[in-house]
Amino acid sequence: MKNIVFTGGGSAGHVTVNIALIPKLAEKGWSTTYIGSSDGIERRLVSELPQVSYYPISTGKLRRYLSWQNVKDPFRVVKGIFQAYRIIKQEKPDVVFSKGGFVSVPVVMAAWMNKIPVIIHESDITPGLANRLASPFATVICTTFPETAQAIGEKKSRYVGAVIRESLKKGCAERGRSFTGLPDNGKPSLLIMGGSLGARRINEAVRQALPELTKAYQVIHICGKGQLDQKVVSSEYRQYEYVNEQLPDILAMSDFVISRAGSNSIFEFLYLRKPMLLIPLTKQQSRGDQLLNAASFERSGYCKVLLEEKLNSESLLASVQDISRNKQTYLRSMNRYDAQDALTTVYKIIIETAKG
């Protein structure tokens with residue numbers, strides 16, 4: 001039996017590709033181990049998968065502000081390397097697959113120290129700091145955008161396209177309506193996903209615009225942990241902290257999506273042909289990767305972009321009306337997109353790269 005170690009975390013975007021790959025590998029008889037943080041979102045998401053051994057390790061974090069924790073983080077990373085080294089030596093994987101995030105850096109370095117081949121997956125146009133630090137220790141770097149090879153070098157990079165979770169392809173609109181309790185009354189459905197990071201501004205604008213939005217749309221709002229507002233009640237509005245198993249069904253019933261611009265999510269919306277309004281994280285909140293992702297999609301005609309600096313209830317309403325009014329134009333652009341079977345491509349790369 002072949003054995004693979006997955007790593008990646010800190011946000012849902014650093015886990016979804018792993019979650020897409022794990023069932024395919026399990027189906028082929030692979031044993032799966034996951035190394036992540038003790039309290040990150042990856043632990044919760046992976047716990048929902050059967051027969052995956054999870055090991056938490058110490059890790060640092062990239063903060064774009066002054067904090068004493070920045071002084072302690074290098075020591076946490078060193079501790080994480082030793083922890084990951086022992087786990088990898090014990091598990092003896094044939095290959096390590098890393099999706100990025102700071103928890104992945106100690107794991108990739110530990111795999112290299114154990115002479116285990118490493119595959120890194122980079123979703124964004126430009127690689128994040130964690131993947132830039134880890135890339136010298138990698139055997140192969142899979143990319144979602146062809147342009148990424150310019151940033152990491154041609155030698156290790158393999159353009160694979162976007163990995164789409166199989167579960168998203170099996171959504172059912174009727175099940176989505178049953179879960180939300182929203183009637184099939186002819187109104188289009190608008191799904192709002194703020195993401196696991198930085199959703200507060202979006203939530204505030206949505207709730208201020210809600211009286212007008214619900215005149216024309218049924219609104220499903222995934223607002224993030226601790227951000228429910230029980231005072232907001234409407235027969236045309238449903239809010240959830242987080243949705244996992246039911247997400248494919250909710251997407252199936254949705255006509256439009258408002259979202260951040262994380263690469264994994266927006267390619268999933270593209271695959272499902274959902275016209276989207278993207279509100280990317282600002283450079284103050286991130287390294288600017290979502291701004292690049294959103295700009296690329298806008299140039300291709302897949303979305304409308306609303307910068308957070310211009311976000312308020314009025315601009316949100318105007319933008320939603322725009323994607324609704326131009327729905328067919330967006331769909332024509334999306335229908336020209338040729339989705340590759342990236343899941344199978346990455347699986348083949350794993351087979352080729354695995355030790356032995």
# chains A, B, ... in the order shown; residues from 1 in each chain; ligands from 1
>>> residues_around(residues="Asn312 (chain A)", least_positions_apart="6", cutoff="9 Å", atoms="only C-alpha atoms", output="list of chain:residue names")
A:Arg201, A:Ile202, A:Glu204, A:Ala205, A:Val206, A:Gln208, A:Ala209
>>> closest_atom_pairs(of="region 100-195 of chain A", to="region 74-80 of chain A", cutoff="9 Å", atoms="only C-alpha atoms", output="Markdown table")
| residue | atom | partner | partner_atom | distance |
| --- | --- | --- | --- | --- |
| A:Phe102 | CA | A:Val77 | CA | 8.7 |
| A:Val103 | CA | A:Gly80 | CA | 8.1 |
| A:Val105 | CA | A:Val77 | CA | 8.0 |
| A:Pro106 | CA | A:Gly80 | CA | 5.6 |
| A:Val107 | CA | A:Gly80 | CA | 7.7 |
| A:Ala110 | CA | A:Gly80 | CA | 9.0 |
>>> write_last_selection(atoms="N, CA, C and O atoms", output="PDB file, in the first residue's frame")
ATOM      1  N   PHE A 102       1.389  28.487   6.186  1.00  0.00           N
ATOM      2  CA  PHE A 102       2.633  28.409   6.955  1.00  0.00           C
ATOM      3  C   PHE A 102       2.867  27.059   7.622  1.00  0.00           C
ATOM      4  O   PHE A 102       4.004  26.684   7.888  1.00  0.00           O
ATOM      5  N   VAL A 103       1.820  26.295   7.885  1.00  0.00           N
ATOM      6  CA  VAL A 103       2.014  24.982   8.497  1.00  0.00           C
ATOM      7  C   VAL A 103       2.753  24.041   7.549  1.00  0.00           C
ATOM      8  O   VAL A 103       3.378  23.063   7.971  1.00  0.00           O
ATOM      9  N   VAL A 105       5.397  24.692   5.623  1.00  0.00           N
ATOM     10  CA  VAL A 105       6.843  24.901   5.487  1.00  0.00           C
ATOM     11  C   VAL A 105       7.649  23.892   6.319  1.00  0.00           C
ATOM     12  O   VAL A 105       8.563  23.245   5.781  1.00  0.00           O
ATOM     13  N   PRO A 106       7.354  23.692   7.610  1.00  0.00           N
ATOM     14  CA  PRO A 106       8.099  22.679   8.367  1.00  0.00           C
ATOM     15  C   PRO A 106       7.951  21.272   7.786  1.00  0.00           C
ATOM     16  O   PRO A 106       8.896  20.481   7.808  1.00  0.00           O
ATOM     17  N   VAL A 107       6.771  20.966   7.247  1.00  0.00           N
ATOM     18  CA  VAL A 107       6.518  19.619   6.714  1.00  0.00           C
ATOM     19  C   VAL A 107       7.349  19.382   5.447  1.00  0.00           C
ATOM     20  O   VAL A 107       7.963  18.320   5.278  1.00  0.00           O
ATOM     21  N   ALA A 110      10.962  18.978   6.420  1.00  0.00           N
ATOM     22  CA  ALA A 110      11.162  17.687   7.074  1.00  0.00           C
ATOM     23  C   ALA A 110      11.143  16.544   6.060  1.00  0.00           C
ATOM     24  O   ALA A 110      11.907  15.575   6.180  1.00  0.00           O
TER      25      ALA A 110
END
>>> atom_distance(atom1="CA of Val108 (chain A)", atom2="CA of Pro280 (chain A)")
28.7 Å
>>> closest_residue(among="A:Ala26, A:Val257, A:Cys303, A:Leu247", to="Ser167 (chain A)", atoms="only C-alpha atoms")
A:Leu247
>>> select_by_dssp(residues="region 225-312 of chain A", states="alpha helix (DSSP H)", output="ChimeraX atom specification")
/A:247-253,263-271,289-299
>>> select_by_dssp(residues="region 157-259 of chain A", states="strand (DSSP E or B)", output="PyMOL selection string")
chain A and resi 157-159+189-193+218-222+237-240+256-259
